[in-house]
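As provided, my_file-v3.txt (compact mmCIF, C-alpha atoms (C1' of nucleotides)) reads as follows.
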```txt
# COMPACT_ATOMS: atom_id res chain seq x y z
CA MET A 158 90.01 6.44 9.27
CA GLY A 159 87.19 5.21 7.15
CA LEU A 160 84.57 5.49 9.82
CA THR A 161 82.40 8.47 10.61
CA ARG A 162 83.51 10.34 13.73
CA SER A 163 80.09 10.47 15.37
CA GLU A 164 81.51 11.59 18.73
CA ILE A 165 82.10 15.10 17.49
CA PHE A 166 78.50 15.66 16.39
CA THR A 167 75.28 16.13 18.29
CA ASP A 168 72.83 13.30 18.87
CA GLU A 169 70.33 15.05 16.64
CA GLN A 170 72.80 15.32 13.80
CA ASN A 171 73.76 11.67 14.14
CA LYS A 172 70.19 10.48 14.43
CA LEU A 173 69.00 12.46 11.44
CA SER A 174 71.89 11.31 9.28
CA THR A 175 71.17 7.70 10.21
CA LEU A 176 67.54 8.02 9.12
CA LEU A 177 68.54 9.85 5.96
CA LYS A 178 71.14 7.26 5.05
CA ALA A 179 68.49 4.58 5.36
CA ILE A 180 66.30 6.22 2.75
CA ALA A 181 69.16 7.48 0.59
CA HIS A 182 69.07 4.58 -1.84
CA PRO A 183 66.85 4.24 -4.91
CA ALA A 184 65.90 0.66 -4.05
CA ARG A 185 64.83 1.62 -0.55
CA ILE A 186 62.91 4.63 -1.85
CA ALA A 187 61.16 2.32 -4.32
CA ILE A 188 60.40 -0.18 -1.55
CA LEU A 189 58.93 2.52 0.67
CA GLN A 190 56.86 3.96 -2.16
CA ARG A 191 55.54 0.49 -2.90
CA ILE A 192 54.66 -0.13 0.74
CA ILE A 193 52.88 3.22 0.95
CA ILE A 194 50.93 2.82 -2.28
CA SER A 195 49.58 -0.67 -1.67
CA ASN A 196 47.13 -0.44 1.16
CA THR A 197 47.51 -4.19 1.46
CA CYS A 198 50.86 -5.18 2.88
CA ILE A 199 53.23 -6.52 0.29
CA CYS A 200 56.21 -8.73 0.97
CA GLY A 201 57.95 -10.84 -1.66
CA ASP A 202 55.99 -9.01 -4.32
CA LEU A 203 58.87 -6.58 -4.31
CA VAL A 204 61.28 -9.22 -5.56
CA GLY A 205 59.33 -9.71 -8.76
CA GLU A 206 58.74 -6.02 -9.24
CA LEU A 207 62.01 -4.32 -8.46
CA GLY A 208 64.41 -6.41 -10.48
CA LEU A 209 66.77 -7.11 -7.63
CA ALA A 210 67.59 -10.53 -6.17
CA GLN A 211 65.61 -11.79 -3.21
CA ALA A 212 68.64 -11.63 -0.94
CA THR A 213 69.20 -8.01 -1.89
CA ILE A 214 65.61 -6.97 -1.23
CA SER A 215 65.66 -8.77 2.09
CA GLN A 216 68.80 -6.90 3.04
CA HIS A 217 67.31 -3.51 2.15
CA LEU A 218 64.20 -4.35 4.17
CA LYS A 219 66.41 -5.22 7.10
CA GLU A 220 68.18 -1.88 6.93
CA LEU A 221 64.87 -0.03 6.91
CA LYS A 222 63.68 -2.16 9.81
CA THR A 223 66.87 -1.65 11.81
CA VAL A 224 66.48 2.13 11.89
CA GLY A 225 62.79 1.70 12.63
CA ILE A 226 61.31 3.16 9.46
CA ILE A 227 59.34 0.01 8.72
CA GLN A 228 58.11 -2.88 10.81
CA GLY A 229 57.41 -6.47 9.80
CA THR A 230 54.77 -8.84 11.05
CA ILE A 231 54.85 -12.55 10.29
CA GLU A 232 51.75 -13.49 8.37
CA GLY A 233 51.79 -17.22 7.87
CA VAL A 234 54.55 -18.03 5.42
CA SER A 235 55.15 -14.47 4.36
CA VAL A 236 55.99 -11.28 6.19
CA CYS A 237 53.87 -8.16 6.14
CA TYR A 238 55.86 -4.93 6.10
CA CYS A 239 54.51 -1.51 6.78
CA ILE A 240 55.62 1.99 7.72
CA ASN A 241 56.32 2.68 11.38
CA PRO A 242 54.25 5.84 11.86
CA LYS A 243 56.28 7.01 14.84
CA THR A 244 59.63 6.98 13.05
CA TRP A 245 58.09 8.38 9.89
CA LYS A 246 56.75 11.33 11.85
CA LEU A 247 60.09 11.81 13.56
CA LEU A 248 61.78 11.93 10.17
CA GLU A 249 59.21 14.39 8.85
CA ASP A 250 59.63 16.64 11.90
CA GLN A 251 63.42 16.57 12.10
CA LEU A 252 63.83 16.99 8.38
CA GLY A 253 61.16 19.65 8.20
CA ALA A 254 62.92 21.64 10.89
CA PHE A 255 66.25 21.25 9.14
CA LEU A 256 65.11 22.08 5.63
CA GLY A 257 62.77 24.78 6.89
CA SER A 258 65.55 26.57 8.75
CA TYR A 259 66.77 27.93 5.44
CA LYS A 260 64.60 30.83 4.36
CA GLY A 261 66.32 31.62 1.09
CA GLU A 262 67.22 35.22 1.93
CA THR A 263 70.08 35.32 -0.57
CA THR A 264 72.06 37.69 1.62
CA CYS A 265 75.20 36.12 0.28
CA CYS A 266 77.32 35.09 -2.75
CA MET B 138 78.24 -6.08 -7.49
CA GLY B 139 79.17 -3.30 -5.14
CA LEU B 140 77.57 -0.60 -7.21
CA THR B 141 73.98 0.59 -7.15
CA ARG B 142 71.95 -0.59 -10.15
CA SER B 143 70.53 2.81 -11.05
CA GLU B 144 69.24 1.60 -14.44
CA ILE B 145 66.36 -0.24 -12.87
CA PHE B 146 65.00 2.80 -11.00
CA THR B 147 63.26 5.94 -12.15
CA ASP B 148 65.10 9.21 -12.62
CA GLU B 149 63.16 10.68 -9.72
CA GLN B 150 64.18 7.87 -7.41
CA ASN B 151 67.80 8.17 -8.44
CA LYS B 152 67.84 11.95 -8.19
CA LEU B 153 66.21 11.99 -4.78
CA SER B 154 68.53 9.33 -3.41
CA THR B 155 71.54 11.29 -4.68
CA LEU B 156 70.40 14.43 -2.87
CA LEU B 157 69.57 12.47 0.26
CA LYS B 158 72.92 10.71 0.26
CA ALA B 159 74.63 14.09 0.09
CA ILE B 160 72.96 15.27 3.29
CA ALA B 161 73.03 11.87 5.02
CA HIS B 162 76.21 12.54 6.97
CA PRO B 163 76.49 14.31 10.32
CA ALA B 164 79.40 16.46 9.16
CA ARG B 165 77.51 17.64 6.10
CA ILE B 166 74.40 18.30 8.16
CA ALA B 167 76.55 20.32 10.55
CA ILE B 168 78.12 22.21 7.66
CA LEU B 169 74.73 23.05 6.18
CA GLN B 170 73.37 24.16 9.54
CA ARG B 171 76.39 26.38 10.00
CA ILE B 172 75.99 27.90 6.54
CA ILE B 173 72.31 28.56 7.18
CA ILE B 174 72.77 30.07 10.62
CA SER B 175 75.54 32.52 9.76
CA ASN B 176 74.09 35.14 7.52
CA THR B 177 77.63 35.96 6.57
CA CYS B 178 79.22 33.33 4.40
CA ILE B 179 81.67 31.19 6.25
CA CYS B 180 84.48 29.18 4.72
CA GLY B 181 87.48 27.90 6.63
CA ASP B 182 85.70 28.80 9.86
CA LEU B 183 84.24 25.32 9.66
CA VAL B 184 87.65 23.71 10.01
CA GLY B 185 88.19 25.24 13.42
CA GLU B 186 84.66 24.60 14.57
CA LEU B 187 83.83 21.08 13.42
CA GLY B 188 86.87 19.22 14.62
CA LEU B 189 87.66 17.61 11.31
CA ALA B 190 90.79 18.12 9.23
CA GLN B 191 90.81 20.79 6.55
CA ALA B 192 91.08 18.19 3.79
CA THR B 193 88.04 16.39 5.15
CA ILE B 194 85.91 19.52 5.34
CA SER B 195 86.95 20.49 1.85
CA GLN B 196 85.93 17.06 0.61
CA HIS B 197 82.51 17.29 2.25
CA LEU B 198 82.00 20.76 0.77
CA LYS B 199 82.86 19.37 -2.63
CA GLU B 200 80.27 16.63 -2.31
CA LEU B 201 77.59 19.15 -1.39
CA LYS B 202 78.68 21.33 -4.29
CA THR B 203 78.73 18.45 -6.77
CA VAL B 204 75.05 17.65 -6.22
CA GLY B 205 74.25 21.35 -6.29
CA ILE B 206 73.09 21.84 -2.71
CA ILE B 207 75.64 24.58 -2.08
CA GLN B 208 77.59 26.94 -4.29
CA GLY B 209 80.94 28.56 -3.71
CA THR B 210 82.18 31.96 -4.78
CA ILE B 211 85.81 32.94 -4.60
CA GLU B 212 86.19 35.90 -2.31
CA GLY B 213 89.79 36.94 -2.38
CA VAL B 214 91.85 34.30 -0.61
CA SER B 215 88.88 32.49 0.83
CA VAL B 216 85.78 30.91 -0.64
CA CYS B 217 82.26 31.91 0.27
CA TYR B 218 79.81 29.03 0.41
CA CYS B 219 76.07 29.33 0.52
CA ILE B 220 72.92 27.33 -0.10
CA ASN B 221 71.76 26.96 -3.68
CA PRO B 222 68.10 27.98 -3.30
CA LYS B 223 66.99 26.12 -6.41
CA THR B 224 68.33 22.73 -5.32
CA TRP B 225 67.20 23.30 -1.75
CA LYS B 226 63.66 23.90 -2.97
CA LEU B 227 63.84 20.85 -5.21
CA LEU B 228 64.89 18.76 -2.24
CA GLU B 229 62.10 20.20 -0.10
CA ASP B 230 59.52 19.53 -2.80
CA GLN B 231 60.63 16.04 -3.74
CA LEU B 232 61.06 15.00 -0.16
CA GLY B 233 57.85 16.62 0.91
CA ALA B 234 55.96 14.73 -1.77
CA PHE B 235 57.63 11.49 -0.77
CA LEU B 236 57.20 11.80 2.97
CA GLY B 237 53.75 13.31 2.59
CA SER B 238 52.52 10.41 0.49
CA TYR B 239 52.22 8.36 3.66
CA LYS B 240 49.09 9.33 5.52
CA GLY B 241 49.47 7.00 8.48
CA GLU B 242 46.18 5.17 8.00
CA THR B 243 47.38 2.07 9.84
CA THR B 244 45.29 -0.20 7.63
CA CYS B 245 47.92 -2.83 8.06
CA CYS B 246 50.04 -4.97 10.42
C1' DA C 111 56.96 -36.81 7.60
C1' DT C 112 58.15 -34.75 3.43
C1' DT C 113 57.82 -31.13 0.36
C1' DT C 114 56.89 -26.55 -0.96
C1' DT C 115 56.82 -21.58 -0.22
C1' DA C 116 58.55 -17.36 1.72
C1' DT C 117 61.99 -15.03 3.87
C1' DA C 118 66.45 -14.52 6.32
C1' DT C 119 71.32 -15.06 6.76
C1' DC C 120 76.18 -16.17 5.27
C1' DG C 121 80.04 -15.39 2.63
C1' DC C 122 82.18 -13.11 -0.76
C1' DA C 123 83.66 -9.83 -4.54
C1' DA C 124 83.32 -5.23 -6.34
C1' DT C 125 82.92 -0.70 -5.32
C1' DA C 126 82.13 3.47 -2.38
C1' DT C 127 82.87 6.34 1.67
C1' DT C 128 85.41 8.53 5.34
C1' DA C 129 89.34 10.64 7.12
C1' DC C 130 93.76 12.72 6.88
C1' DG C 131 98.71 13.91 5.83
C1' DA C 132 101.18 15.76 2.17
C1' DT C 133 101.33 18.52 -1.60
C1' DG C 134 99.49 21.65 -5.21
C1' DT C 135 97.18 25.95 -6.57
C1' DT C 136 95.63 30.52 -6.30
C1' DT C 137 95.30 35.06 -4.44
C1' DG C 138 96.87 38.76 -1.32
C1' DT C 139 100.73 40.84 1.11
C1' DT C 140 105.35 42.47 1.86
C1' DA D 17 109.77 38.33 -6.71
C1' DA D 18 109.18 35.86 -2.41
C1' DC D 19 106.09 34.63 1.07
C1' DA D 20 101.92 33.66 3.52
C1' DA D 21 97.00 32.39 3.78
C1' DA D 22 93.07 29.75 2.24
C1' DC D 23 91.45 26.01 -0.28
C1' DA D 24 91.71 22.10 -3.34
C1' DT D 25 93.50 17.80 -4.76
C1' DC D 26 96.26 13.42 -4.43
C1' DG D 27 97.26 9.27 -2.43
C1' DT D 28 96.27 6.00 0.81
C1' DA D 29 94.41 3.18 4.74
C1' DA D 30 90.36 1.73 7.17
C1' DT D 31 85.80 0.74 6.90
C1' DA D 32 81.06 0.53 4.79
C1' DT D 33 77.83 -0.52 1.15
C1' DT D 34 75.85 -3.05 -2.63
C1' DG D 35 74.55 -7.14 -4.83
C1' DC D 36 74.04 -11.94 -5.28
C1' DG D 37 74.51 -17.09 -5.09
C1' DA D 38 74.18 -20.49 -1.78
C1' DT D 39 72.31 -22.05 2.17
C1' DA D 40 69.46 -21.89 6.37
C1' DT D 41 65.04 -21.40 8.69
C1' DA D 42 60.22 -21.51 9.50
C1' DA D 43 55.41 -22.15 8.40
C1' DA D 44 51.86 -24.28 5.25
C1' DA D 45 50.43 -27.82 2.25
C1' DT D 46 50.52 -32.46 0.68
```

What is this structure when it is put down as structure tokens?
Amino acid sequence: MGLTRSEIFTDEQNKLSTLLKAIAHPARIAILQRIIISNTCICGDLVGELGLAQATISQHLKELKTVGIIQGTIEGVSVCYCINPKTWKLLEDQLGAFLGSYKGETTCC
Amino acid sequence: MGLTRSEIFTDEQNKLSTLLKAIAHPARIAILQRIIISNTCICGDLVGELGLAQATISQHLKELKTVGIIQGTIEGVSVCYCINPKTWKLLEDQLGAFLGSYKGETTCC
DNA sequence: ATTTTATATCGCAATATTACGATGTTTGTT
DNA sequence: AACAAACATCGTAATATTGCGATATAAAAT
């Protein structure tokens, strides 16, 4: 016990939950918002702005990168992070389909 | 350490991450899909269908109820669960605004 | 070559999540 | 009243997450 029993769910359900889990943290939401807002690619700017330690930010970035939501390019000494359009679209589509499947008929309760 | 430092984030970021965390689990996605699909309100049907123990299902339902995504009405011996339209809309709006804020300009990386 | 700057990784402590058996509670049935 | 059915809650074990100091790594500047 203690670990999610992924075998009993569909690939879609597992995939969607993985993407959702990646963005289900205020720090990672803040990081993504910051990346989206600045048209120039930020990097360690986040450390000064978010109020979390450098190691913590780096770890959150890694999690976002692991599931493919962002991608990082080495730019001299620093690293340039940006949204991975493909994964972002996938998330929008999957989530849109899921959330949109409820039509709010209130046939119940 | 070990606990999210919510104080340093905005209420919107915290609220959204709370809602996202609630749906960021394959079992809870499956439960929500099942609730949406059946126009009649299911309850313990989930236990037989999902392959998780009754205590586990009940716990997942509680989590969804706690953040307000579903609501339960006692219906005799069983409990009728359904989507809370208000929270569902909130989630759609907040998430739509967040995901939609990225326009995929690829000005970067 | 050494130092500085920027980021990543390691290791750890605190806390949270997941899952489930066992037990409690509530309502309907006999 | 006693019993059964449907859920909820408790307690617990296994695992995951969060955060950070310390340390490693890699590129640029001196």

Residues near range 30-44 of chain D, cut-off 10 Å, only C-alpha atoms (C1' of nucleotides), skip fewer than 6 positions along chain, as a PyMOL selection string: (chain A and resi 158-161+209-214+216-217+231-235) or (chain B and resi 138-142) or (chain C and resi 114-129)

Enumerate, in order of chain and increasing residue number, the residues of chain B with an atom no farther than 7 Å from chain A, each with its shortest atom pair and distance in Å to one decimal, counting all atoms listed in the file, as CSV.
```
residue,atom,partner,partner_atom,distance
B:Ile145,CA,A:Gly208,CA,6.9
B:Phe146,CA,A:Pro183,CA,6.5
B:Gln150,CA,A:Pro183,CA,5.2
B:Asn151,CA,A:Pro183,CA,5.4
B:Ser154,CA,A:Ala181,CA,4.5
B:Thr155,CA,A:Ala181,CA,6.9
B:Leu157,CA,A:Ala181,CA,5.0
B:Lys158,CA,A:Ala181,CA,5.0
B:Ala161,CA,A:Ser174,CA,4.4
B:His162,CA,A:Ser174,CA,5.1
B:Pro163,CA,A:Gln170,CA,5.2
B:Ile166,CA,A:Gln170,CA,6.6
B:Ile173,CA,A:Tyr259,CA,5.8
B:Asn176,CA,A:Thr264,CA,6.7
B:Thr177,CA,A:Cys265,CA,6.7
B:Cys178,CA,A:Cys265,CA,6.4
B:Gly188,CA,A:Ile165,CA,6.9
B:Thr210,CA,A:Cys266,CA,6.1
B:Cys217,CA,A:Cys266,CA,6.6
B:Cys219,CA,A:Cys266,CA,6.7
B:Pro222,CA,A:Gly261,CA,6.0
B:Glu229,CA,A:Leu256,CA,6.7
B:Leu236,CA,A:Glu249,CA,6.7
B:Tyr239,CA,A:Ile193,CA,5.8
B:Gly241,CA,A:Pro242,CA,6.0
B:Thr244,CA,A:Asn196,CA,6.7
B:Cys245,CA,A:Cys198,CA,6.4
B:Cys246,CA,A:Thr230,CA,6.1
```

Is it possible to get the axis-aligned box enclosing range 112-118 of chain C (all listed atoms, 3 Å extra per side) as lines of an AutoDock Vina configuration file, with centre and edge lengths in Å rounded to one decimal?
```
center_x = 61.6
center_y = -24.6
center_z = 2.7
size_x = 15.6
size_y = 26.2
size_z = 13.3
```

Between CA of Arg191 in chain A and CA of Glu206 in chain A, distance in Å (one decimal):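 Between CA of Arg191 in chain A and CA of Glu206 in chain A the gap works out to 9.6 Å.
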
Distance of CA of Cys200 in chain A from CA of Lys219 in chain A, expressed in Å to one decimal place: 12.4 Å

Atomic separation - CA of Lys202 in chain B relative to C1' of DT25 in chain D, Å: 15.2 Å

With chain B held fixed, move chain A onto it by a least-squares fit of all C-alpha atoms in order and give the output as a PDB file with C-alpha atoms, in the frame of the given file.
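What ended up in part27.pdb:
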```pdb
ATOM      1  CA  MET A 158      78.283  -6.140  -7.614  1.00  0.00           C
ATOM      2  CA  GLY A 159      79.044  -3.401  -5.189  1.00  0.00           C
ATOM      3  CA  LEU A 160      77.511  -0.657  -7.237  1.00  0.00           C
ATOM      4  CA  THR A 161      73.940   0.550  -7.159  1.00  0.00           C
ATOM      5  CA  ARG A 162      71.895  -0.646 -10.134  1.00  0.00           C
ATOM      6  CA  SER A 163      70.474   2.753 -11.049  1.00  0.00           C
ATOM      7  CA  GLU A 164      69.174   1.536 -14.424  1.00  0.00           C
ATOM      8  CA  ILE A 165      66.292  -0.298 -12.831  1.00  0.00           C
ATOM      9  CA  PHE A 166      64.952   2.751 -10.990  1.00  0.00           C
ATOM     10  CA  THR A 167      63.219   5.891 -12.147  1.00  0.00           C
ATOM     11  CA  ASP A 168      65.059   9.164 -12.644  1.00  0.00           C
ATOM     12  CA  GLU A 169      63.138  10.647  -9.747  1.00  0.00           C
ATOM     13  CA  GLN A 170      64.145   7.847  -7.427  1.00  0.00           C
ATOM     14  CA  ASN A 171      67.778   8.144  -8.465  1.00  0.00           C
ATOM     15  CA  LYS A 172      67.816  11.911  -8.229  1.00  0.00           C
ATOM     16  CA  LEU A 173      66.202  11.986  -4.814  1.00  0.00           C
ATOM     17  CA  SER A 174      68.529   9.335  -3.438  1.00  0.00           C
ATOM     18  CA  THR A 175      71.528  11.278  -4.719  1.00  0.00           C
ATOM     19  CA  LEU A 176      70.402  14.433  -2.917  1.00  0.00           C
ATOM     20  CA  LEU A 177      69.588  12.476   0.221  1.00  0.00           C
ATOM     21  CA  LYS A 178      72.939  10.725   0.233  1.00  0.00           C
ATOM     22  CA  ALA A 179      74.634  14.101   0.058  1.00  0.00           C
ATOM     23  CA  ILE A 180      72.979  15.275   3.248  1.00  0.00           C
ATOM     24  CA  ALA A 181      73.036  11.891   4.975  1.00  0.00           C
ATOM     25  CA  HIS A 182      76.205  12.551   6.936  1.00  0.00           C
ATOM     26  CA  PRO A 183      76.488  14.313  10.295  1.00  0.00           C
ATOM     27  CA  ALA A 184      79.407  16.454   9.130  1.00  0.00           C
ATOM     28  CA  ARG A 185      77.517  17.644   6.076  1.00  0.00           C
ATOM     29  CA  ILE A 186      74.398  18.316   8.139  1.00  0.00           C
ATOM     30  CA  ALA A 187      76.546  20.342  10.543  1.00  0.00           C
ATOM     31  CA  ILE A 188      78.134  22.230   7.642  1.00  0.00           C
ATOM     32  CA  LEU A 189      74.747  23.069   6.156  1.00  0.00           C
ATOM     33  CA  GLN A 190      73.356  24.163   9.508  1.00  0.00           C
ATOM     34  CA  ARG A 191      76.378  26.393   9.984  1.00  0.00           C
ATOM     35  CA  ILE A 192      75.998  27.922   6.531  1.00  0.00           C
ATOM     36  CA  ILE A 193      72.305  28.566   7.149  1.00  0.00           C
ATOM     37  CA  ILE A 194      72.753  30.072  10.603  1.00  0.00           C
ATOM     38  CA  SER A 195      75.521  32.525   9.771  1.00  0.00           C
ATOM     39  CA  ASN A 196      74.052  35.147   7.528  1.00  0.00           C
ATOM     40  CA  THR A 197      77.621  36.014   6.627  1.00  0.00           C
ATOM     41  CA  CYS A 198      79.231  33.380   4.462  1.00  0.00           C
ATOM     42  CA  ILE A 199      81.671  31.217   6.328  1.00  0.00           C
ATOM     43  CA  CYS A 200      84.464  29.211   4.778  1.00  0.00           C
ATOM     44  CA  GLY A 201      87.455  27.876   6.694  1.00  0.00           C
ATOM     45  CA  ASP A 202      85.696  28.767   9.915  1.00  0.00           C
ATOM     46  CA  LEU A 203      84.239  25.299   9.699  1.00  0.00           C
ATOM     47  CA  VAL A 204      87.649  23.695  10.071  1.00  0.00           C
ATOM     48  CA  GLY A 205      88.175  25.233  13.482  1.00  0.00           C
ATOM     49  CA  GLU A 206      84.638  24.556  14.590  1.00  0.00           C
ATOM     50  CA  LEU A 207      83.827  21.060  13.447  1.00  0.00           C
ATOM     51  CA  GLY A 208      86.868  19.184  14.647  1.00  0.00           C
ATOM     52  CA  LEU A 209      87.644  17.587  11.325  1.00  0.00           C
ATOM     53  CA  ALA A 210      90.802  18.100   9.260  1.00  0.00           C
ATOM     54  CA  GLN A 211      90.840  20.769   6.588  1.00  0.00           C
ATOM     55  CA  ALA A 212      91.114  18.191   3.824  1.00  0.00           C
ATOM     56  CA  THR A 213      88.063  16.391   5.156  1.00  0.00           C
ATOM     57  CA  ILE A 214      85.932  19.526   5.356  1.00  0.00           C
ATOM     58  CA  SER A 215      86.987  20.510   1.865  1.00  0.00           C
ATOM     59  CA  GLN A 216      85.946  17.105   0.606  1.00  0.00           C
ATOM     60  CA  HIS A 217      82.513  17.311   2.243  1.00  0.00           C
ATOM     61  CA  LEU A 218      82.017  20.777   0.760  1.00  0.00           C
ATOM     62  CA  LYS A 219      82.893  19.386  -2.634  1.00  0.00           C
ATOM     63  CA  GLU A 220      80.300  16.648  -2.332  1.00  0.00           C
ATOM     64  CA  LEU A 221      77.621  19.169  -1.410  1.00  0.00           C
ATOM     65  CA  LYS A 222      78.713  21.362  -4.301  1.00  0.00           C
ATOM     66  CA  THR A 223      78.757  18.486  -6.784  1.00  0.00           C
ATOM     67  CA  VAL A 224      75.084  17.672  -6.245  1.00  0.00           C
ATOM     68  CA  GLY A 225      74.287  21.374  -6.315  1.00  0.00           C
ATOM     69  CA  ILE A 226      73.112  21.860  -2.743  1.00  0.00           C
ATOM     70  CA  ILE A 227      75.648  24.599  -2.097  1.00  0.00           C
ATOM     71  CA  GLN A 228      77.600  26.957  -4.303  1.00  0.00           C
ATOM     72  CA  GLY A 229      80.964  28.605  -3.702  1.00  0.00           C
ATOM     73  CA  THR A 230      82.189  32.005  -4.747  1.00  0.00           C
ATOM     74  CA  ILE A 231      85.840  32.993  -4.555  1.00  0.00           C
ATOM     75  CA  GLU A 232      86.210  35.932  -2.229  1.00  0.00           C
ATOM     76  CA  GLY A 233      89.818  37.000  -2.286  1.00  0.00           C
ATOM     77  CA  VAL A 234      91.846  34.323  -0.555  1.00  0.00           C
ATOM     78  CA  SER A 235      88.884  32.489   0.869  1.00  0.00           C
ATOM     79  CA  VAL A 236      85.775  30.950  -0.613  1.00  0.00           C
ATOM     80  CA  CYS A 237      82.251  31.950   0.291  1.00  0.00           C
ATOM     81  CA  TYR A 238      79.798  29.058   0.409  1.00  0.00           C
ATOM     82  CA  CYS A 239      76.071  29.342   0.499  1.00  0.00           C
ATOM     83  CA  ILE A 240      72.922  27.327  -0.126  1.00  0.00           C
ATOM     84  CA  ASN A 241      71.761  26.964  -3.715  1.00  0.00           C
ATOM     85  CA  PRO A 242      68.110  27.978  -3.330  1.00  0.00           C
ATOM     86  CA  LYS A 243      67.012  26.119  -6.447  1.00  0.00           C
ATOM     87  CA  THR A 244      68.348  22.734  -5.358  1.00  0.00           C
ATOM     88  CA  TRP A 245      67.210  23.297  -1.793  1.00  0.00           C
ATOM     89  CA  LYS A 246      63.677  23.898  -3.016  1.00  0.00           C
ATOM     90  CA  LEU A 247      63.849  20.851  -5.250  1.00  0.00           C
ATOM     91  CA  LEU A 248      64.881  18.753  -2.267  1.00  0.00           C
ATOM     92  CA  GLU A 249      62.096  20.206  -0.139  1.00  0.00           C
ATOM     93  CA  ASP A 250      59.510  19.528  -2.858  1.00  0.00           C
ATOM     94  CA  GLN A 251      60.621  16.020  -3.792  1.00  0.00           C
ATOM     95  CA  LEU A 252      61.070  14.984  -0.199  1.00  0.00           C
ATOM     96  CA  GLY A 253      57.846  16.626   0.870  1.00  0.00           C
ATOM     97  CA  ALA A 254      55.957  14.722  -1.795  1.00  0.00           C
ATOM     98  CA  PHE A 255      57.618  11.475  -0.793  1.00  0.00           C
ATOM     99  CA  LEU A 256      57.198  11.793   2.953  1.00  0.00           C
ATOM    100  CA  GLY A 257      53.749  13.314   2.567  1.00  0.00           C
ATOM    101  CA  SER A 258      52.503  10.400   0.482  1.00  0.00           C
ATOM    102  CA  TYR A 259      52.222   8.364   3.656  1.00  0.00           C
ATOM    103  CA  LYS A 260      49.091   9.336   5.537  1.00  0.00           C
ATOM    104  CA  GLY A 261      49.480   7.016   8.494  1.00  0.00           C
ATOM    105  CA  GLU A 262      46.196   5.153   8.020  1.00  0.00           C
ATOM    106  CA  THR A 263      47.409   2.088   9.911  1.00  0.00           C
ATOM    107  CA  THR A 264      45.324  -0.212   7.743  1.00  0.00           C
ATOM    108  CA  CYS A 265      47.957  -2.852   8.215  1.00  0.00           C
ATOM    109  CA  CYS A 266      50.121  -4.940  10.601  1.00  0.00           C
TER     110      CYS A 266
END
```

Residue neighbourhood DC26 in chain D, 12 Å, all atoms listed in the file, exclusion window fewer than 6 positions, as number ranges by chain: B: 192; C: 130-134
